Amino acid sequence: MRGQGVTAAEKVAPVRLDNIDLLRAVAIVSVLLYHFTSRWHAQSVPFRFDLGWAGVDLFFMVSGFCIFMTLERSRTLAAFWARRFARLQPAYMAGVVLTFALVSWFGLPGYEVTPTVAAGNLVWFDVVPSWGFVDDAYWSLIVEAKFYFWFGLIYFLMRGRNVSLAWAAFAAMGSVLTHAEGWGWPAGHVLTVVAQSVLIGPFAPMFLVGSVCYEFRDKPARSAILPAVVALALLPTSPRYAGVIWLGPLIAVFAAIVFRLTWLRLPRAVTLIGLTSYSLYLVHQYVGLVIIRELAPVFPALFPRILIATAMTVALAIAMFYTIELRWQKSLAALIEPIVAGAIGWLPRTWRVRAGRDGQSDKPGPGDAKVVDAARGW
């Protein structure tokens with residue numbers, strides 16, 4: 001319940017929450033429906049789901065909520081960044097390679113990219129705005145990666161305390177600077193670009209909604225009131241959400257599911273969609289469009305092709321999840337954690353190693369030697 005404390009074991013236990021998987025499932029289905037019925041085939045389908053683009057923003061709120069679960073299991077900043085990278089990279093590489101191969105082989109006029117662009121995507125050169133994407137849905141992964149970087153840094157800098165309040169200040173700075181170009185300053189354009197491309201100013205308030213909901217659940221409600229007010233004040237100022245009248249109801253539904261449906265137990269099919277939502281996001285759009293195009297000689301009607309493409313990309317995502325995404329996360333995280341630790345070894349130790357929570361010491365215990373050594377570098 002809101003404001004009710006949880007035990008230390010509950011805080012660090014890597015459990016699946018059915019209400020969170022429900023949100024993920026709703027988010028990916030919304031994005032898929034938007035792409036297949038509104039963005040690409042708006043004139044040729046029996047219905048449109050124009051609001052589906054907000055599925056990405058639902059993912060952002062879920063990330064803001066769930067990020068604490070990874071942070072509270074990560075004793076060092078290097079461990080957190082390594083885990084987040086390992087969470088993204090295996091399936092991302094598979095999605096890039098598969099999408100590039102299929103689009104290059106079968107063709108998708110206007111959306112093919114060169115091998116150089118595809119290779120750059122594999123190593124995240126697409127963080128540069130002008131680089132280009134193998135699939136333009138990947139823009140949100142860049143936003144997510146920047147969120148992991150900044151939020152992890154803020155969490156460890158704040159020693160795990162008042163994190164949502166600190167993120168609220170960060171989001172406010174990014175939101176304000178997003179509008180700097182209109183101030184008439186000589187450096188206004190540069191500040192706006194930095195705010196949008198580096199500080200994720202247009203999206204930071206949505207992550208804040210998720211983190212505030214987590215803090216409301218995890219701590220006395222009053223500790224998250226100010227960040228909640230900041231989030232609600234900033235969202236209407238974002239270029240992405242300005243004038244969006246259903247934004248408030250979307251946040252209300254998110255909060256209701258997070259707080260009130262903790263008892264929820266979903267059918268396996270729904271949890272599977274939530275579980276594999278990341279892999280499905282990676283392959284649903286351009287791979288799905290290729291399938292829809294190639295099936296045209298067999299099924300002239302568009303809607304059956306959309307249904308088949310959806311089923312095929314879901315099956316592909318499930319296969320990717322179990323053979324790639326899930327299989328390689330732990331080993332990749334273990335491989336790169338000491339590399340990350342060495343790269344950030346120049347930071348003060350208090351920025352790199354998490355303080356104990358609930359009054360616990362941050363001094364290493366008998367089982368922490370390996371973690372602390374990794375934080376110090378080689």
# chains A, B, ... in the order shown; residues from 1 in each chain; ligands from 1
>>> residues_around(residues="region 248-256 of chain A", least_positions_apart="4", cutoff="12 Å", atoms="only C-alpha atoms", output="PyMOL selection string")
chain A and resi 1-2+19-20+22-24+26-27+51-52+54-55+57-62+64-65+205-217+228+231-233+235-236+241-244+260-262
>>> write_last_selection(atoms="N, CA and C atoms", output="compact mmCIF listing (two decimals), in the first residue's frame")
# COMPACT_ATOMS: atom_id res chain seq x y z
N MET A 1 0.84 -1.20 0.00
CA MET A 1 0.00 0.00 0.00
C MET A 1 0.87 1.24 0.00
N ARG A 2 0.32 2.35 -0.45
CA ARG A 2 1.06 3.59 -0.53
C ARG A 2 1.50 4.00 0.86
N ASN A 19 1.19 -6.68 -12.48
CA ASN A 19 0.62 -5.40 -12.87
C ASN A 19 1.58 -4.59 -13.74
N ILE A 20 2.89 -4.75 -13.51
CA ILE A 20 3.87 -4.08 -14.36
C ILE A 20 3.94 -4.74 -15.73
N LEU A 22 1.47 -6.13 -17.13
CA LEU A 22 0.26 -5.66 -17.81
C LEU A 22 0.52 -4.30 -18.48
N LEU A 23 1.18 -3.40 -17.78
CA LEU A 23 1.51 -2.09 -18.37
C LEU A 23 2.41 -2.24 -19.58
N ARG A 24 3.40 -3.11 -19.48
CA ARG A 24 4.28 -3.35 -20.63
C ARG A 24 3.51 -3.92 -21.82
N VAL A 26 0.29 -3.57 -22.46
CA VAL A 26 -0.55 -2.51 -23.02
C VAL A 26 0.29 -1.55 -23.85
N ALA A 27 1.48 -1.22 -23.36
CA ALA A 27 2.35 -0.28 -24.07
C ALA A 27 2.76 -0.82 -25.44
N LEU A 51 -3.98 7.04 -30.78
CA LEU A 51 -3.38 7.32 -29.48
C LEU A 51 -2.25 6.34 -29.13
N GLY A 52 -2.02 5.39 -30.00
CA GLY A 52 -1.05 4.35 -29.67
C GLY A 52 0.37 4.84 -29.53
N ALA A 54 1.40 6.92 -27.60
CA ALA A 54 1.66 7.12 -26.17
C ALA A 54 2.13 5.85 -25.49
N GLY A 55 2.10 4.72 -26.19
CA GLY A 55 2.66 3.50 -25.61
C GLY A 55 4.12 3.67 -25.25
N ASP A 57 5.49 6.39 -24.18
CA ASP A 57 5.53 7.16 -22.94
C ASP A 57 5.11 6.31 -21.74
N LEU A 58 4.25 5.33 -21.98
CA LEU A 58 3.93 4.38 -20.93
C LEU A 58 5.16 3.56 -20.57
N PHE A 59 5.94 3.17 -21.58
CA PHE A 59 7.21 2.50 -21.31
C PHE A 59 8.13 3.39 -20.47
N PHE A 60 8.16 4.69 -20.75
CA PHE A 60 9.01 5.59 -19.98
C PHE A 60 8.58 5.62 -18.51
N MET A 61 7.27 5.66 -18.26
CA MET A 61 6.80 5.65 -16.88
C MET A 61 7.16 4.33 -16.19
N VAL A 62 7.01 3.21 -16.90
CA VAL A 62 7.37 1.92 -16.34
C VAL A 62 8.86 1.89 -16.00
N GLY A 64 10.78 4.46 -15.25
CA GLY A 64 10.98 5.30 -14.07
C GLY A 64 10.60 4.59 -12.79
N PHE A 65 9.58 3.74 -12.86
CA PHE A 65 9.15 2.97 -11.69
C PHE A 65 10.12 1.83 -11.39
N PRO A 205 10.23 14.44 -17.51
CA PRO A 205 9.08 14.45 -16.59
C PRO A 205 8.28 13.14 -16.60
N MET A 206 8.25 12.44 -17.72
CA MET A 206 7.51 11.19 -17.77
C MET A 206 8.22 10.11 -16.96
N PHE A 207 9.54 10.06 -17.03
CA PHE A 207 10.28 9.16 -16.15
C PHE A 207 10.05 9.53 -14.69
N LEU A 208 9.93 10.82 -14.42
CA LEU A 208 9.69 11.28 -13.06
C LEU A 208 8.37 10.76 -12.52
N VAL A 209 7.36 10.68 -13.36
CA VAL A 209 6.07 10.12 -12.92
C VAL A 209 6.26 8.71 -12.38
N GLY A 210 7.02 7.89 -13.11
CA GLY A 210 7.25 6.53 -12.67
C GLY A 210 8.03 6.46 -11.38
N SER A 211 9.08 7.27 -11.25
CA SER A 211 9.90 7.23 -10.03
C SER A 211 9.11 7.73 -8.83
N VAL A 212 8.26 8.73 -9.03
CA VAL A 212 7.42 9.23 -7.94
C VAL A 212 6.46 8.14 -7.48
N CYS A 213 5.88 7.41 -8.41
CA CYS A 213 4.96 6.33 -8.03
C CYS A 213 5.69 5.27 -7.21
N TYR A 214 6.92 4.97 -7.58
CA TYR A 214 7.68 4.00 -6.80
C TYR A 214 7.93 4.52 -5.39
N GLU A 215 8.30 5.80 -5.29
CA GLU A 215 8.59 6.36 -3.98
C GLU A 215 7.32 6.48 -3.13
N PHE A 216 6.19 6.74 -3.74
CA PHE A 216 4.93 6.74 -3.01
C PHE A 216 4.65 5.35 -2.43
N ARG A 217 4.99 4.32 -3.20
CA ARG A 217 4.75 2.96 -2.73
C ARG A 217 5.73 2.55 -1.65
N ALA A 228 6.10 14.94 -7.27
CA ALA A 228 4.87 14.70 -8.02
C ALA A 228 4.31 16.01 -8.57
N ALA A 231 6.44 17.06 -11.51
CA ALA A 231 6.14 16.27 -12.71
C ALA A 231 4.89 16.77 -13.40
N LEU A 232 3.82 17.00 -12.63
CA LEU A 232 2.57 17.45 -13.23
C LEU A 232 2.69 18.86 -13.80
N ALA A 233 3.56 19.68 -13.21
CA ALA A 233 3.76 21.04 -13.72
C ALA A 233 4.60 21.05 -14.99
N LEU A 235 5.05 18.47 -17.32
CA LEU A 235 4.56 17.73 -18.48
C LEU A 235 3.86 18.61 -19.52
N PRO A 236 2.99 19.54 -19.12
CA PRO A 236 2.34 20.37 -20.15
C PRO A 236 3.29 21.30 -20.90
N TYR A 241 4.15 16.74 -25.12
CA TYR A 241 2.88 16.56 -24.43
C TYR A 241 2.01 17.80 -24.37
N ALA A 242 2.49 18.92 -24.87
CA ALA A 242 1.71 20.16 -24.82
C ALA A 242 0.39 19.98 -25.57
N GLY A 243 -0.70 20.30 -24.90
CA GLY A 243 -2.01 20.22 -25.53
C GLY A 243 -2.61 18.84 -25.58
N VAL A 244 -1.94 17.84 -25.01
CA VAL A 244 -2.46 16.47 -25.01
C VAL A 244 -3.43 16.34 -23.83
N ARG A 260 -3.08 -0.16 -7.05
CA ARG A 260 -4.28 -0.91 -6.68
C ARG A 260 -4.33 -2.32 -7.22
N LEU A 261 -3.51 -2.64 -8.20
CA LEU A 261 -3.57 -3.97 -8.80
C LEU A 261 -2.36 -4.82 -8.46
N THR A 262 -1.80 -4.60 -7.28
CA THR A 262 -0.65 -5.40 -6.87
C THR A 262 -1.01 -6.87 -6.68
>>> residues_around(residues="region 294-308 of chain A", least_positions_apart="4", cutoff="10 Å", atoms="only C-alpha atoms", output="list in words")
Leu33, Phe36, Thr37, His41, Ser44, Val45, Pro46, Phe47, Phe106, Gly107, Gly288, Leu289, Val290, Met312, Thr313 and Val314 of chain A
>>> atom_distance(atom1="CA of Ile245 (chain A)", atom2="CA of Val56 (chain A)")
17.0 Å
>>> select_by_dssp(residues="region 91-210 of chain A", states="helix (DSSP H, G or I)", output="ChimeraX atom specification")
/A:91-106,115-122,125-127,136-157,163-178,180-183,188-197,204-210
>>> residues_around(residues="region 77-93 of chain A", least_positions_apart="2", cutoff="6 Å", atoms="only C-alpha atoms", output="number ranges by chain")
A: 74, 95-96, 122, 325, 329, 332-333, 337, 340-341, 352
>>> atom_distance(atom1="CA of Gly132 (chain A)", atom2="CA of Ala309 (chain A)")
24.7 Å
>>> closest_residue(among="A:Val258, A:Leu335, A:Ala94, A:Val230", to="Trp167 (chain A)", atoms="only C-alpha atoms")
A:Val230
>>> residues_around(residues="region 115-118 of chain A", least_positions_apart="5", cutoff="10 Å", atoms="only C-alpha atoms", output="list in words")
Met93, Val96, Val97, Thr99, Phe100, Ala101, Ser104, Val123, Trp124, Phe125, Asp126, Trp131, Gly132, Phe133, Val134 and Asp135 of chain A
>>> residues_around(residues="region 188-196 of chain A", least_positions_apart="5", cutoff="9 Å", atoms="only C-alpha atoms", output="VMD selection string")
chain A and resid 173 to 183 201 to 203
>>> write_last_selection(atoms="all heavy atoms", output="mmCIF file, in the first residue's frame")
data_model
loop_
_atom_site.group_PDB
_atom_site.id
_atom_site.type_symbol
_atom_site.label_atom_id
_atom_site.label_comp_id
_atom_site.auth_asym_id
_atom_site.auth_seq_id
_atom_site.Cartn_x
_atom_site.Cartn_y
_atom_site.Cartn_z
ATOM 1 N N MET A 173 15.329 21.484 -15.026
ATOM 2 C CA MET A 173 16.389 22.154 -15.782
ATOM 3 C C MET A 173 16.282 21.814 -17.263
ATOM 4 O O MET A 173 16.342 22.699 -18.130
ATOM 5 C CB MET A 173 17.762 21.741 -15.238
ATOM 6 C CG MET A 173 18.932 22.315 -16.014
ATOM 7 S SD MET A 173 20.540 21.818 -15.336
ATOM 8 C CE MET A 173 20.498 20.036 -15.654
ATOM 9 N N GLY A 174 16.124 20.538 -17.569
ATOM 10 C CA GLY A 174 16.015 20.144 -18.969
ATOM 11 C C GLY A 174 14.789 20.715 -19.641
ATOM 12 O O GLY A 174 14.846 21.134 -20.804
ATOM 13 N N SER A 175 13.672 20.751 -18.913
ATOM 14 C CA SER A 175 12.435 21.279 -19.490
ATOM 15 C C SER A 175 12.543 22.763 -19.775
ATOM 16 O O SER A 175 12.079 23.250 -20.812
ATOM 17 C CB SER A 175 11.263 21.000 -18.541
ATOM 18 O OG SER A 175 11.052 19.613 -18.392
ATOM 19 N N VAL A 176 13.152 23.496 -18.858
ATOM 20 C CA VAL A 176 13.313 24.942 -19.055
ATOM 21 C C VAL A 176 14.238 25.221 -20.240
ATOM 22 O O VAL A 176 13.932 26.042 -21.118
ATOM 23 C CB VAL A 176 13.857 25.596 -17.773
ATOM 24 C CG1 VAL A 176 14.277 27.047 -18.044
ATOM 25 C CG2 VAL A 176 12.800 25.563 -16.669
ATOM 26 N N LEU A 177 15.367 24.517 -20.284
ATOM 27 C CA LEU A 177 16.333 24.766 -21.356
ATOM 28 C C LEU A 177 15.820 24.309 -22.713
ATOM 29 O O LEU A 177 16.314 24.775 -23.751
ATOM 30 C CB LEU A 177 17.657 24.064 -21.038
ATOM 31 C CG LEU A 177 18.429 24.618 -19.843
ATOM 32 C CD1 LEU A 177 19.714 23.834 -19.611
ATOM 33 C CD2 LEU A 177 18.755 26.101 -20.048
ATOM 34 N N THR A 178 14.847 23.405 -22.730
ATOM 35 C CA THR A 178 14.249 22.996 -23.993
ATOM 36 C C THR A 178 13.672 24.187 -24.749
ATOM 37 O O THR A 178 13.639 24.196 -25.991
ATOM 38 C CB THR A 178 13.150 21.949 -23.739
ATOM 39 O OG1 THR A 178 13.749 20.772 -23.177
ATOM 40 C CG2 THR A 178 12.433 21.571 -25.023
ATOM 41 N N HIS A 179 13.248 25.204 -24.034
ATOM 42 C CA HIS A 179 12.636 26.385 -24.648
ATOM 43 C C HIS A 179 13.618 27.547 -24.799
ATOM 44 O O HIS A 179 13.204 28.666 -25.114
ATOM 45 C CB HIS A 179 11.440 26.836 -23.806
ATOM 46 C CG HIS A 179 10.396 25.783 -23.643
ATOM 47 N ND1 HIS A 179 9.466 25.497 -24.612
ATOM 48 C CD2 HIS A 179 10.160 24.910 -22.623
ATOM 49 C CE1 HIS A 179 8.676 24.512 -24.200
ATOM 50 N NE2 HIS A 179 9.073 24.138 -23.002
ATOM 51 N N ALA A 180 14.923 27.286 -24.577
ATOM 52 C CA ALA A 180 15.907 28.366 -24.590
ATOM 53 C C ALA A 180 16.020 29.049 -25.948
ATOM 54 O O ALA A 180 16.358 30.234 -26.040
ATOM 55 C CB ALA A 180 17.274 27.833 -24.159
ATOM 56 N N GLU A 181 15.744 28.305 -27.017
ATOM 57 C CA GLU A 181 15.876 28.882 -28.363
ATOM 58 C C GLU A 181 14.932 30.058 -28.555
ATOM 59 O O GLU A 181 15.232 30.971 -29.330
ATOM 60 C CB GLU A 181 15.610 27.805 -29.406
ATOM 61 C CG GLU A 181 15.954 28.224 -30.822
ATOM 62 C CD GLU A 181 15.939 27.068 -31.788
ATOM 63 O OE1 GLU A 181 15.530 25.954 -31.394
ATOM 64 O OE2 GLU A 181 16.356 27.265 -32.947
ATOM 65 N N GLY A 182 13.825 30.073 -27.850
ATOM 66 C CA GLY A 182 12.867 31.159 -27.989
ATOM 67 C C GLY A 182 13.156 32.363 -27.127
ATOM 68 O O GLY A 182 12.391 33.336 -27.132
ATOM 69 N N TRP A 183 14.240 32.327 -26.372
ATOM 70 C CA TRP A 183 14.554 33.448 -25.480
ATOM 71 C C TRP A 183 15.314 34.575 -26.166
ATOM 72 O O TRP A 183 15.500 35.632 -25.580
ATOM 73 C CB TRP A 183 15.391 32.953 -24.301
ATOM 74 C CG TRP A 183 14.694 31.955 -23.441
ATOM 75 C CD1 TRP A 183 13.364 31.632 -23.447
ATOM 76 C CD2 TRP A 183 15.303 31.115 -22.464
ATOM 77 N NE1 TRP A 183 13.100 30.667 -22.530
ATOM 78 C CE2 TRP A 183 14.269 30.318 -21.897
ATOM 79 C CE3 TRP A 183 16.603 30.958 -21.983
ATOM 80 C CZ2 TRP A 183 14.507 29.387 -20.904
ATOM 81 C CZ3 TRP A 183 16.840 30.027 -20.987
ATOM 82 C CH2 TRP A 183 15.803 29.251 -20.452
ATOM 83 N N GLY A 201 15.238 16.514 -21.993
ATOM 84 C CA GLY A 201 14.280 17.435 -21.405
ATOM 85 C C GLY A 201 12.820 17.154 -21.714
ATOM 86 O O GLY A 201 11.980 17.207 -20.808
ATOM 87 N N PRO A 202 12.458 16.840 -22.970
ATOM 88 C CA PRO A 202 11.042 16.600 -23.263
ATOM 89 C C PRO A 202 10.469 15.356 -22.595
ATOM 90 O O PRO A 202 9.253 15.244 -22.439
ATOM 91 C CB PRO A 202 11.025 16.449 -24.795
ATOM 92 C CG PRO A 202 12.268 17.139 -25.272
ATOM 93 C CD PRO A 202 13.279 16.885 -24.200
ATOM 94 N N PHE A 203 11.338 14.406 -22.196
ATOM 95 C CA PHE A 203 10.861 13.120 -21.692
ATOM 96 C C PHE A 203 11.130 12.911 -20.206
ATOM 97 O O PHE A 203 10.517 12.040 -19.587
ATOM 98 C CB PHE A 203 11.531 11.980 -22.475
ATOM 99 C CG PHE A 203 11.478 12.174 -23.958
ATOM 100 C CD1 PHE A 203 12.588 12.624 -24.664
ATOM 101 C CD2 PHE A 203 10.310 11.939 -24.661
ATOM 102 C CE1 PHE A 203 12.539 12.816 -26.034
ATOM 103 C CE2 PHE A 203 10.247 12.127 -26.033
ATOM 104 C CZ PHE A 203 11.368 12.574 -26.721
#
>>> residues_around(residues="Ile142 (chain A)", least_positions_apart="5", cutoff="10 Å", atoms="only C-alpha atoms", output="list in words")
Trp124, Phe125, Asp126, Val127, Val128, Pro129, Phe147, Tyr148, Ser197 and Ile200 of chain A
>>> atom_distance(atom1="CA of Trp139 (chain A)", atom2="CA of Ile273 (chain A)")
21.4 Å
